[in-house]
Each structure stands twice: as C-alpha cells, then as structure tokens.
Amino acid sequence: MKRKSVSYAKWGYIFLAPFFIVYCIFSLYPLISTFYNSFMDYVIDRSTVGGGWGNKGTVEQTIKFIGLQNYKDALSSNETLVQSFWNTVIMWIIGFIPQIAVSLILATWFTDLRLKIKAQGFFKTVIYLPNVIMASAVAFLFTCLLSKNGALYGFFEPLAGKDLSLLDKVWGARGTVGFINFLLWYGNTTILLMAAIMGIDPGLYEAAQIDGASPSQTFWKITMPLIRPILSFVLVTSMIGGLQMYDVPALLTKDNGNPSGKVMTLIMEIQQRKDSDVGKACAVCIIIFIISAILGVITMVGLDDTREKKKKKRRKAA
C-alpha cells in the first residue's frame with residue numbers, strides 16, 4: 001500500500017492563518033477605516049468637555065465627505081500639529097542618544113571575555129528590570145518626585161531661581177520625559193545589542209588581537225559594521241515608538257502638554273480630537289503613519305551596506 005504524503009505546505013498555511021486573521025481584524029481594518037475617515041467631516045458631539053465618557057445624553061454625529069480638508073487644516077499655521085511633531089522628535093532624541101550610547105557600552109562590556117565581569121546574570125536582570133515596569137507607573141513616580149511640594153521640589157527650587165518645579169520649565173519637562181524613556185528602554189536595547197555582538201565570529205577578534213589592534217579599533221572596525229542590521233532595527237523601532245509617545249508626557253503634564261504646549265506630542269493631539277473631531281484625528285494618524293514609513297525607509301537605506309559592497313565589487317572588476 002502506498003502511504004499518503006503529508007502536505008506540509010497546507011499545515012503551514014493553517015498555522016499561519018490565525019495571525020493573518022487577527023492582523024486583518026485588529027490592524028488592517030482599523031488602518032483602512034482610519035484612512036477612510038480622514039476624508040470625512042466626522043464630528044461626535046457628546047455635549048460635555050473631554051469626550052463625555054459615561055454621558056447618557058443624546059449623541060450627535062456629523063459625517064460628510066470633505067476630501068483633503070482635514071489634512072490641510074491639520075498642517076495649517078493655526079494648528080499645533082507641526083509644533084507637536086517637533087516636540088515629539090526632540091523628546092525622543094533626548095532619550096534615544098543616551099539610550100543607544102549606554103547600551104553599546106554595556107553590551108560591549110558584557111560580551112568582552114577579557115574583562116571577566118562577575119555576576120553578569122544579576123546585572124543583566126537589573127538593567128532589564130525597568131522595561132518590565134509600566135511606563136505610566138514610572139511617570140506617576142516622577143510626577144510625585146518633581147511636582148510642586150514633591151520629594152525633590154526643595155532641591156530643584158534653588159536651581160530654577162523661583163517658585164517653580166522642574167516640570168514647570170520647558171526643558172525640565174522635556175528632559176524628564178527623555179530620561180524616563182531612556183530608563184525604560186536602554187535595558188531592552190542592551191539585550192538586543194548583546195545578542196548581535198555574541199553572533200560575531202570570535203575568530204575575528206582573535207585575529208585583530210594578534211595583529212595588534214586596540215580595543216577601540218576592534219570596536220569601530222569589527223563590532224560596529226557587523227551589528228549594523230540590529231542597529232538599524234533598534235533605530236527604526238525606537239523612532240516609530242517615539243512618534244507614538246503618549247503616556248509619559250500625558251501623565252507628567254496632566255494631558256495639557258504644558259509648559260507653553262512644548263511637551264504636547266502627536267498622539268496627545270489625536271486624543272484631544274478623538275470625540276470632538278474624529279476626521280481630523282484620523283488625518284493626524286495617517287500623517288504619523290506616512291512620516292514613520294518615510295523615516296523608516298530613509299534609515300534602512302542609509303544603514304544598508306549592500307550598496308557599498310556592490311560598489312567595491314564593481315571597482316575590483318574594473
């Protein structure tokens with residue numbers, strides 16, 4: 001008797017189906033719906049300030065096609081979207097630069113066998129631990145520490161020179177948001193970079209030592225070029241996450257983005273319009289999506305070394 005052959009391709013599609021079903025329901029459909037509503041004058045009026053959650057009164061809706069008007073309004077000089085974009089970028093940069101620098105240093109130290117660091121498991125756990133804590137909990141902790149009459153208020157008052165907390169100053173608030181983001185994510189970045197460095201052939205480092213290369217030369221000539229794919233991944237994901245920044249600045253500023261609106265982020269702009277002007281909020285979402293895609297492509301192309309390799313091959317062939 002002939003045995004029936006197992007169709008592995010069929011079972012592969014069966015196991016992949018749940019992911020695609022969940023993706024289509026919870027990601028693809030909301031994205032298409034957001035894109036559609038961005039062309040609508042879509043207003044929900046619950047007759048209360050702040051969205052009116054829990055209001056049992058009459059809900060009035062206005063849905064009308066207006067083309068690109070929402071995009072024009074969002075990008076107009078009367079709107080704060082452009083300022084919110086730069087606020088978001090600045091606070092992301094404040095957190096990301098020390099994050100990637102500290103993560104590179106720690107990852108290099110922990111993977112260097114010559115240093116023989118003891119209790120590495122303990123230190124790795126401590127480094128990664130802040131990533132497990134909810135961002136809202138950390139933001140609430142810093143709010144209690146740095147707000148007026150908080151635990152550290154008396155320390156920062158003389159530095160400010162007036163009766164102000166650190167969160168009442170623009171760069172104080174921005175710096176606090178950046179520091180919290182650094183604190184939450186540098187451990188995760190360290191683990192990723194350690195995995196990338198440990199995947200490098202140890203023979204390359206041994207050969208570099210035999211040739212008399214210094215540790216700094218080894219780092220810049222061997223480690224950095226070979227972990228470039230992981231670096232690009234970290235940069236792109238951090239950039240996308242930075243553009244979606246919300247919980248930390250919202251809790252620190254009580255959702256108003258003060259002082260002077262310099263801590264208002266793009267997602268906070270969307271939250272302010274989630275009930276009063278859904279169409280414009282959807283337009284802002286699509287703008288964020290487009291900006292994230294453009295920055296991601298630019299970053300990936302900039303960090304891609306295949307072009308340089310092709311150029312070198314062409315020069316050798318010539």
# chains A, B, ... in the order shown; residues from 1 in each chain; ligands from 1
call {"tool": "residues_around", "arguments": {"residues": "Ala208 in chain A", "least_positions_apart": "4", "cutoff": "12 Å", "atoms": "only C-alpha atoms", "output": "ChimeraX atom specification"}}
result
/A:201-204,212-223
call {"tool": "residues_around", "arguments": {"residues": "Phe289 in chain A", "least_positions_apart": "2", "cutoff": "12 Å", "atoms": "only C-alpha atoms", "output": "list in words"}}
result
Leu31, Thr34, Phe35, Met239, Ile240, Gly241, Leu243, Gln244, Leu266, Ile267, Cys282, Ala283, Val284, Cys285, Ile286, Ile287, Ile291, Ser292, Ala293, Ile294, Leu295 and Gly296 of chain A
call {"tool": "write_last_selection", "arguments": {"atoms": "C-alpha atoms", "output": "tab-separated table (two decimals), in the first residue's frame"}}
result
chain	number	residue	atom	x	y	z
A	31	LEU	CA	-5.99	51.26	9.30
A	34	THR	CA	-8.81	55.47	9.68
A	35	PHE	CA	-7.74	56.30	6.12
A	239	MET	CA	11.80	56.07	16.02
A	240	ILE	CA	8.33	54.62	15.41
A	241	GLY	CA	7.77	54.20	19.14
A	243	LEU	CA	6.43	59.18	17.28
A	244	GLN	CA	3.75	57.26	19.21
A	266	LEU	CA	1.31	63.91	18.21
A	267	ILE	CA	-0.69	61.21	20.00
A	282	CYS	CA	-7.70	60.26	11.62
A	283	ALA	CA	-5.83	62.65	9.33
A	284	VAL	CA	-3.18	63.13	12.02
A	285	CYS	CA	-2.90	59.32	12.36
A	286	ILE	CA	-2.32	58.93	8.63
A	287	ILE	CA	0.27	61.73	8.69
A	291	ILE	CA	6.16	60.09	8.43
A	292	SER	CA	7.07	56.80	10.16
A	293	ALA	CA	7.24	54.98	6.81
A	294	ILE	CA	9.42	57.67	5.21
A	295	LEU	CA	11.82	57.87	8.16
A	296	GLY	CA	11.99	54.07	8.36
call {"tool": "closest_residue", "arguments": {"among": "A:Pro249, A:Gly302, A:Pro30, A:Gly257", "to": "Gly178 in chain A", "atoms": "only C-alpha atoms"}}
result
A:Pro249
call {"tool": "closest_residue", "arguments": {"among": "A:Val138, A:Leu192, A:Val301, A:Ala207", "to": "Asp247 in chain A", "atoms": "only C-alpha atoms"}}
result
A:Val138
call {"tool": "closest_residue", "arguments": {"among": "A:Ala281, A:Tyr186, A:Arg174, A:Glu269", "to": "Asn87 in chain A", "atoms": "only C-alpha atoms"}}
result
A:Arg174
call {"tool": "residues_around", "arguments": {"residues": "Val278 in chain A", "least_positions_apart": "3", "cutoff": "10 Å", "atoms": "only C-alpha atoms", "output": "list in words"}}
result
Thr34, Asn37, Ser38, Met40, Asp41, Tyr42, Val43, Ile44, Thr62, Ile63, Asn70, Ile270, Gln271, Gln272, Arg273, Lys274, Asp275, Ala281, Cys282, Ala283 and Val284 of chain A
call {"tool": "closest_residue", "arguments": {"among": "A:Thr190, A:Thr108, A:Thr265, A:Gln69", "to": "Asn131 in chain A", "atoms": "only C-alpha atoms"}}
result
A:Thr190
call {"tool": "select_by_dssp", "arguments": {"residues": "range 51-193 of chain A", "states": "alpha helix (DSSP H)", "output": "compact mmCIF listing (two decimals) with N, CA and C atoms, in the first residue's frame"}}
result
# COMPACT_ATOMS: atom_id res chain seq x y z
N GLN A 69 -9.51 68.30 3.13
CA GLN A 69 -9.61 69.45 4.02
C GLN A 69 -9.03 69.17 5.40
N ASN A 70 -9.24 67.95 5.92
CA ASN A 70 -8.70 67.61 7.24
C ASN A 70 -7.17 67.69 7.25
N TYR A 71 -6.56 67.26 6.15
CA TYR A 71 -5.09 67.32 6.05
C TYR A 71 -4.62 68.77 5.96
N LYS A 72 -5.34 69.58 5.21
CA LYS A 72 -4.98 70.99 5.09
C LYS A 72 -5.12 71.69 6.44
N ASP A 73 -6.20 71.38 7.16
CA ASP A 73 -6.41 72.00 8.47
C ASP A 73 -5.35 71.55 9.47
N ALA A 74 -5.01 70.25 9.42
CA ALA A 74 -4.02 69.72 10.37
C ALA A 74 -2.65 70.34 10.16
N LEU A 81 -0.09 71.03 15.14
CA LEU A 81 0.44 69.72 14.77
C LEU A 81 1.94 69.76 14.50
N VAL A 82 2.41 70.76 13.75
CA VAL A 82 3.83 70.86 13.42
C VAL A 82 4.67 71.04 14.70
N GLN A 83 4.18 71.90 15.60
CA GLN A 83 4.89 72.10 16.87
C GLN A 83 4.91 70.81 17.69
N SER A 84 3.80 70.09 17.68
CA SER A 84 3.73 68.82 18.41
C SER A 84 4.68 67.80 17.82
N PHE A 85 4.83 67.83 16.49
CA PHE A 85 5.77 66.91 15.84
C PHE A 85 7.19 67.18 16.32
N TRP A 86 7.61 68.44 16.33
CA TRP A 86 8.95 68.77 16.77
C TRP A 86 9.13 68.50 18.26
N ASN A 87 8.09 68.73 19.04
CA ASN A 87 8.15 68.36 20.46
C ASN A 87 8.44 66.87 20.62
N THR A 88 7.73 66.06 19.85
CA THR A 88 7.90 64.61 19.94
C THR A 88 9.30 64.20 19.52
N VAL A 89 9.80 64.77 18.43
CA VAL A 89 11.13 64.43 17.94
C VAL A 89 12.20 64.82 18.94
N ILE A 90 12.08 66.00 19.51
CA ILE A 90 13.07 66.48 20.49
C ILE A 90 13.12 65.56 21.70
N MET A 91 11.95 65.22 22.24
CA MET A 91 11.92 64.37 23.44
C MET A 91 12.41 62.96 23.12
N TRP A 92 12.15 62.48 21.88
CA TRP A 92 12.68 61.17 21.50
C TRP A 92 14.20 61.22 21.41
N ILE A 93 14.76 62.27 20.82
CA ILE A 93 16.22 62.39 20.69
C ILE A 93 16.87 62.47 22.07
N ILE A 94 16.26 63.23 22.98
CA ILE A 94 16.82 63.37 24.33
C ILE A 94 16.93 62.01 25.01
N GLY A 95 15.97 61.13 24.76
CA GLY A 95 16.01 59.81 25.37
C GLY A 95 16.83 58.80 24.58
N PHE A 96 16.84 58.92 23.24
CA PHE A 96 17.46 57.88 22.42
C PHE A 96 18.98 57.97 22.41
N ILE A 97 19.55 59.19 22.36
CA ILE A 97 21.00 59.31 22.27
C ILE A 97 21.70 58.66 23.47
N PRO A 98 21.33 58.99 24.71
CA PRO A 98 21.97 58.28 25.82
C PRO A 98 21.60 56.80 25.86
N GLN A 99 20.40 56.45 25.38
CA GLN A 99 19.98 55.05 25.35
C GLN A 99 20.90 54.21 24.49
N ILE A 100 21.16 54.64 23.27
CA ILE A 100 22.00 53.85 22.37
C ILE A 100 23.46 53.88 22.81
N ALA A 101 23.92 55.02 23.37
CA ALA A 101 25.31 55.11 23.82
C ALA A 101 25.57 54.19 25.01
N VAL A 102 24.71 54.27 26.02
CA VAL A 102 24.88 53.43 27.21
C VAL A 102 24.71 51.95 26.85
N SER A 103 23.75 51.64 25.98
CA SER A 103 23.51 50.25 25.60
C SER A 103 24.71 49.67 24.87
N LEU A 104 25.34 50.45 23.98
CA LEU A 104 26.53 49.98 23.27
C LEU A 104 27.68 49.69 24.24
N ILE A 105 27.86 50.60 25.20
CA ILE A 105 28.94 50.41 26.18
C ILE A 105 28.70 49.16 27.02
N LEU A 106 27.48 49.01 27.54
CA LEU A 106 27.17 47.85 28.39
C LEU A 106 27.25 46.54 27.61
N ALA A 107 26.71 46.56 26.37
CA ALA A 107 26.74 45.35 25.56
C ALA A 107 28.18 44.94 25.25
N THR A 108 29.05 45.92 24.99
CA THR A 108 30.46 45.61 24.70
C THR A 108 31.16 45.07 25.94
N TRP A 109 30.89 45.65 27.09
CA TRP A 109 31.50 45.18 28.33
C TRP A 109 31.07 43.75 28.67
N PHE A 110 29.78 43.50 28.59
CA PHE A 110 29.27 42.19 29.00
C PHE A 110 29.68 41.07 28.04
N THR A 111 29.98 41.38 26.80
CA THR A 111 30.37 40.36 25.84
C THR A 111 31.88 40.24 25.67
N GLN A 120 27.20 38.46 36.04
CA GLN A 120 26.61 39.09 34.86
C GLN A 120 25.09 38.91 34.83
N GLY A 121 24.62 37.73 35.28
CA GLY A 121 23.18 37.49 35.30
C GLY A 121 22.43 38.49 36.17
N PHE A 122 23.03 38.82 37.32
CA PHE A 122 22.40 39.79 38.22
C PHE A 122 22.34 41.17 37.56
N PHE A 123 23.45 41.61 36.98
CA PHE A 123 23.48 42.94 36.36
C PHE A 123 22.55 43.03 35.15
N LYS A 124 22.47 41.96 34.36
CA LYS A 124 21.56 41.96 33.21
C LYS A 124 20.11 42.06 33.66
N THR A 125 19.79 41.37 34.75
CA THR A 125 18.42 41.44 35.29
C THR A 125 18.09 42.85 35.77
N VAL A 126 19.04 43.47 36.48
CA VAL A 126 18.82 44.82 37.00
C VAL A 126 18.67 45.82 35.84
N ILE A 127 19.47 45.64 34.80
CA ILE A 127 19.41 46.55 33.65
C ILE A 127 18.07 46.42 32.94
N TYR A 128 17.58 45.19 32.80
CA TYR A 128 16.34 44.98 32.04
C TYR A 128 15.09 45.25 32.88
N LEU A 129 15.23 45.27 34.20
CA LEU A 129 14.06 45.38 35.08
C LEU A 129 13.18 46.59 34.81
N PRO A 130 13.73 47.80 34.56
CA PRO A 130 12.84 48.94 34.30
C PRO A 130 11.91 48.75 33.11
N ASN A 131 12.32 47.91 32.15
CA ASN A 131 11.50 47.67 30.97
C ASN A 131 10.23 46.90 31.31
N VAL A 132 10.26 46.18 32.44
CA VAL A 132 9.10 45.39 32.87
C VAL A 132 8.05 46.28 33.53
N ALA A 135 5.11 52.08 31.99
CA ALA A 135 5.57 53.46 31.80
C ALA A 135 4.72 54.44 32.60
N SER A 136 3.44 54.16 32.73
CA SER A 136 2.56 55.05 33.48
C SER A 136 2.95 55.09 34.95
N ALA A 137 3.39 53.95 35.50
CA ALA A 137 3.80 53.90 36.91
C ALA A 137 5.05 54.73 37.13
N VAL A 138 6.02 54.62 36.19
CA VAL A 138 7.25 55.41 36.31
C VAL A 138 6.95 56.90 36.16
N ALA A 139 6.06 57.25 35.22
CA ALA A 139 5.69 58.65 35.02
C ALA A 139 5.01 59.21 36.26
N PHE A 140 4.14 58.42 36.88
CA PHE A 140 3.47 58.87 38.11
C PHE A 140 4.48 59.06 39.24
N LEU A 141 5.48 58.17 39.32
CA LEU A 141 6.53 58.30 40.34
C LEU A 141 7.29 59.60 40.16
N PHE A 142 7.70 59.93 38.95
CA PHE A 142 8.45 61.16 38.70
C PHE A 142 7.57 62.40 38.89
N THR A 143 6.28 62.26 38.63
CA THR A 143 5.37 63.38 38.89
C THR A 143 5.33 63.70 40.38
N CYS A 144 5.27 62.65 41.19
CA CYS A 144 5.27 62.85 42.65
C CYS A 144 6.60 63.41 43.14
N LEU A 145 7.70 63.04 42.49
CA LEU A 145 9.02 63.50 42.93
C LEU A 145 9.30 64.94 42.53
N LEU A 146 8.89 65.33 41.31
CA LEU A 146 9.34 66.60 40.74
C LEU A 146 8.28 67.69 40.74
N TYR A 153 11.32 68.72 45.26
CA TYR A 153 10.99 70.11 44.93
C TYR A 153 11.97 71.08 45.58
N GLY A 154 12.32 70.82 46.84
CA GLY A 154 13.24 71.71 47.55
C GLY A 154 14.64 71.70 46.96
N PHE A 155 15.01 70.61 46.26
CA PHE A 155 16.34 70.53 45.66
C PHE A 155 16.41 71.36 44.37
N PHE A 156 15.35 71.30 43.55
CA PHE A 156 15.37 71.98 42.25
C PHE A 156 14.91 73.44 42.34
N GLU A 157 14.27 73.84 43.42
CA GLU A 157 13.80 75.22 43.54
C GLU A 157 14.94 76.23 43.48
N PRO A 158 16.06 76.01 44.21
CA PRO A 158 17.16 76.98 44.09
C PRO A 158 17.76 77.02 42.68
N LEU A 159 17.77 75.89 41.97
CA LEU A 159 18.32 75.86 40.61
C LEU A 159 17.44 76.65 39.66
N ALA A 160 16.12 76.57 39.85
CA ALA A 160 15.20 77.32 39.00
C ALA A 160 15.24 78.81 39.30
N VAL A 170 10.28 74.33 30.49
CA VAL A 170 10.15 73.60 29.22
C VAL A 170 11.17 72.49 29.11
N TRP A 171 12.45 72.84 29.27
CA TRP A 171 13.48 71.83 29.10
C TRP A 171 13.56 70.90 30.29
N GLY A 172 13.07 71.34 31.44
CA GLY A 172 12.98 70.43 32.58
C GLY A 172 11.97 69.32 32.32
N ALA A 173 10.81 69.70 31.78
CA ALA A 173 9.77 68.71 31.47
C ALA A 173 10.21 67.80 30.32
N ARG A 174 10.77 68.42 29.27
CA ARG A 174 11.24 67.62 28.14
C ARG A 174 12.35 66.66 28.57
N GLY A 175 13.28 67.17 29.37
CA GLY A 175 14.38 66.32 29.84
C GLY A 175 13.88 65.17 30.71
N THR A 176 12.86 65.43 31.52
CA THR A 176 12.29 64.37 32.36
C THR A 176 11.65 63.29 31.51
N VAL A 177 10.91 63.69 30.46
CA VAL A 177 10.31 62.71 29.56
C VAL A 177 11.39 61.89 28.87
N GLY A 178 12.44 62.56 28.36
CA GLY A 178 13.53 61.85 27.70
C GLY A 178 14.25 60.89 28.64
N PHE A 179 14.46 61.31 29.90
CA PHE A 179 15.15 60.45 30.87
C PHE A 179 14.31 59.22 31.20
N ILE A 180 13.00 59.40 31.33
CA ILE A 180 12.12 58.25 31.62
C ILE A 180 12.15 57.26 30.46
N ASN A 181 12.09 57.77 29.22
CA ASN A 181 12.15 56.88 28.06
C ASN A 181 13.49 56.15 27.99
N PHE A 182 14.57 56.86 28.32
CA PHE A 182 15.89 56.22 28.38
C PHE A 182 15.91 55.12 29.44
N LEU A 183 15.39 55.42 30.61
CA LEU A 183 15.40 54.48 31.72
C LEU A 183 14.60 53.22 31.40
N LEU A 184 13.50 53.38 30.67
CA LEU A 184 12.63 52.26 30.38
C LEU A 184 13.18 51.35 29.28
N TRP A 185 13.94 51.90 28.33
CA TRP A 185 14.27 51.14 27.13
C TRP A 185 15.74 50.81 26.94
N TYR A 186 16.65 51.35 27.75
CA TYR A 186 18.06 51.06 27.50
C TYR A 186 18.38 49.59 27.79
N GLY A 187 17.65 48.97 28.74
CA GLY A 187 17.89 47.56 29.05
C GLY A 187 17.52 46.66 27.89
N ASN A 188 16.38 46.92 27.27
CA ASN A 188 15.96 46.14 26.11
C ASN A 188 16.94 46.29 24.96
N THR A 189 17.40 47.52 24.73
CA THR A 189 18.38 47.76 23.67
C THR A 189 19.69 47.06 23.96
N THR A 190 20.11 47.04 25.23
CA THR A 190 21.34 46.35 25.61
C THR A 190 21.27 44.86 25.29
N ILE A 191 20.14 44.23 25.60
CA ILE A 191 19.97 42.80 25.33
C ILE A 191 20.06 42.52 23.83
N LEU A 192 19.41 43.36 23.02
CA LEU A 192 19.45 43.18 21.57
C LEU A 192 20.88 43.32 21.02
N LEU A 193 21.59 44.33 21.49
CA LEU A 193 22.96 44.55 21.01
C LEU A 193 23.90 43.45 21.49
call {"tool": "closest_residue", "arguments": {"among": "A:Asn149, A:Gln209, A:Thr299, A:Thr80", "to": "Leu166 in chain A", "atoms": "only C-alpha atoms"}}
result
A:Asn149
call {"tool": "atom_distance", "arguments": {"atom1": "CA of Ser260 in chain A", "atom2": "CA of Met245 in chain A"}}
result
18.4 Å
call {"tool": "atom_distance", "arguments": {"atom1": "CA of Ala196 in chain A", "atom2": "CA of Phe233 in chain A"}}
result
11.2 Å
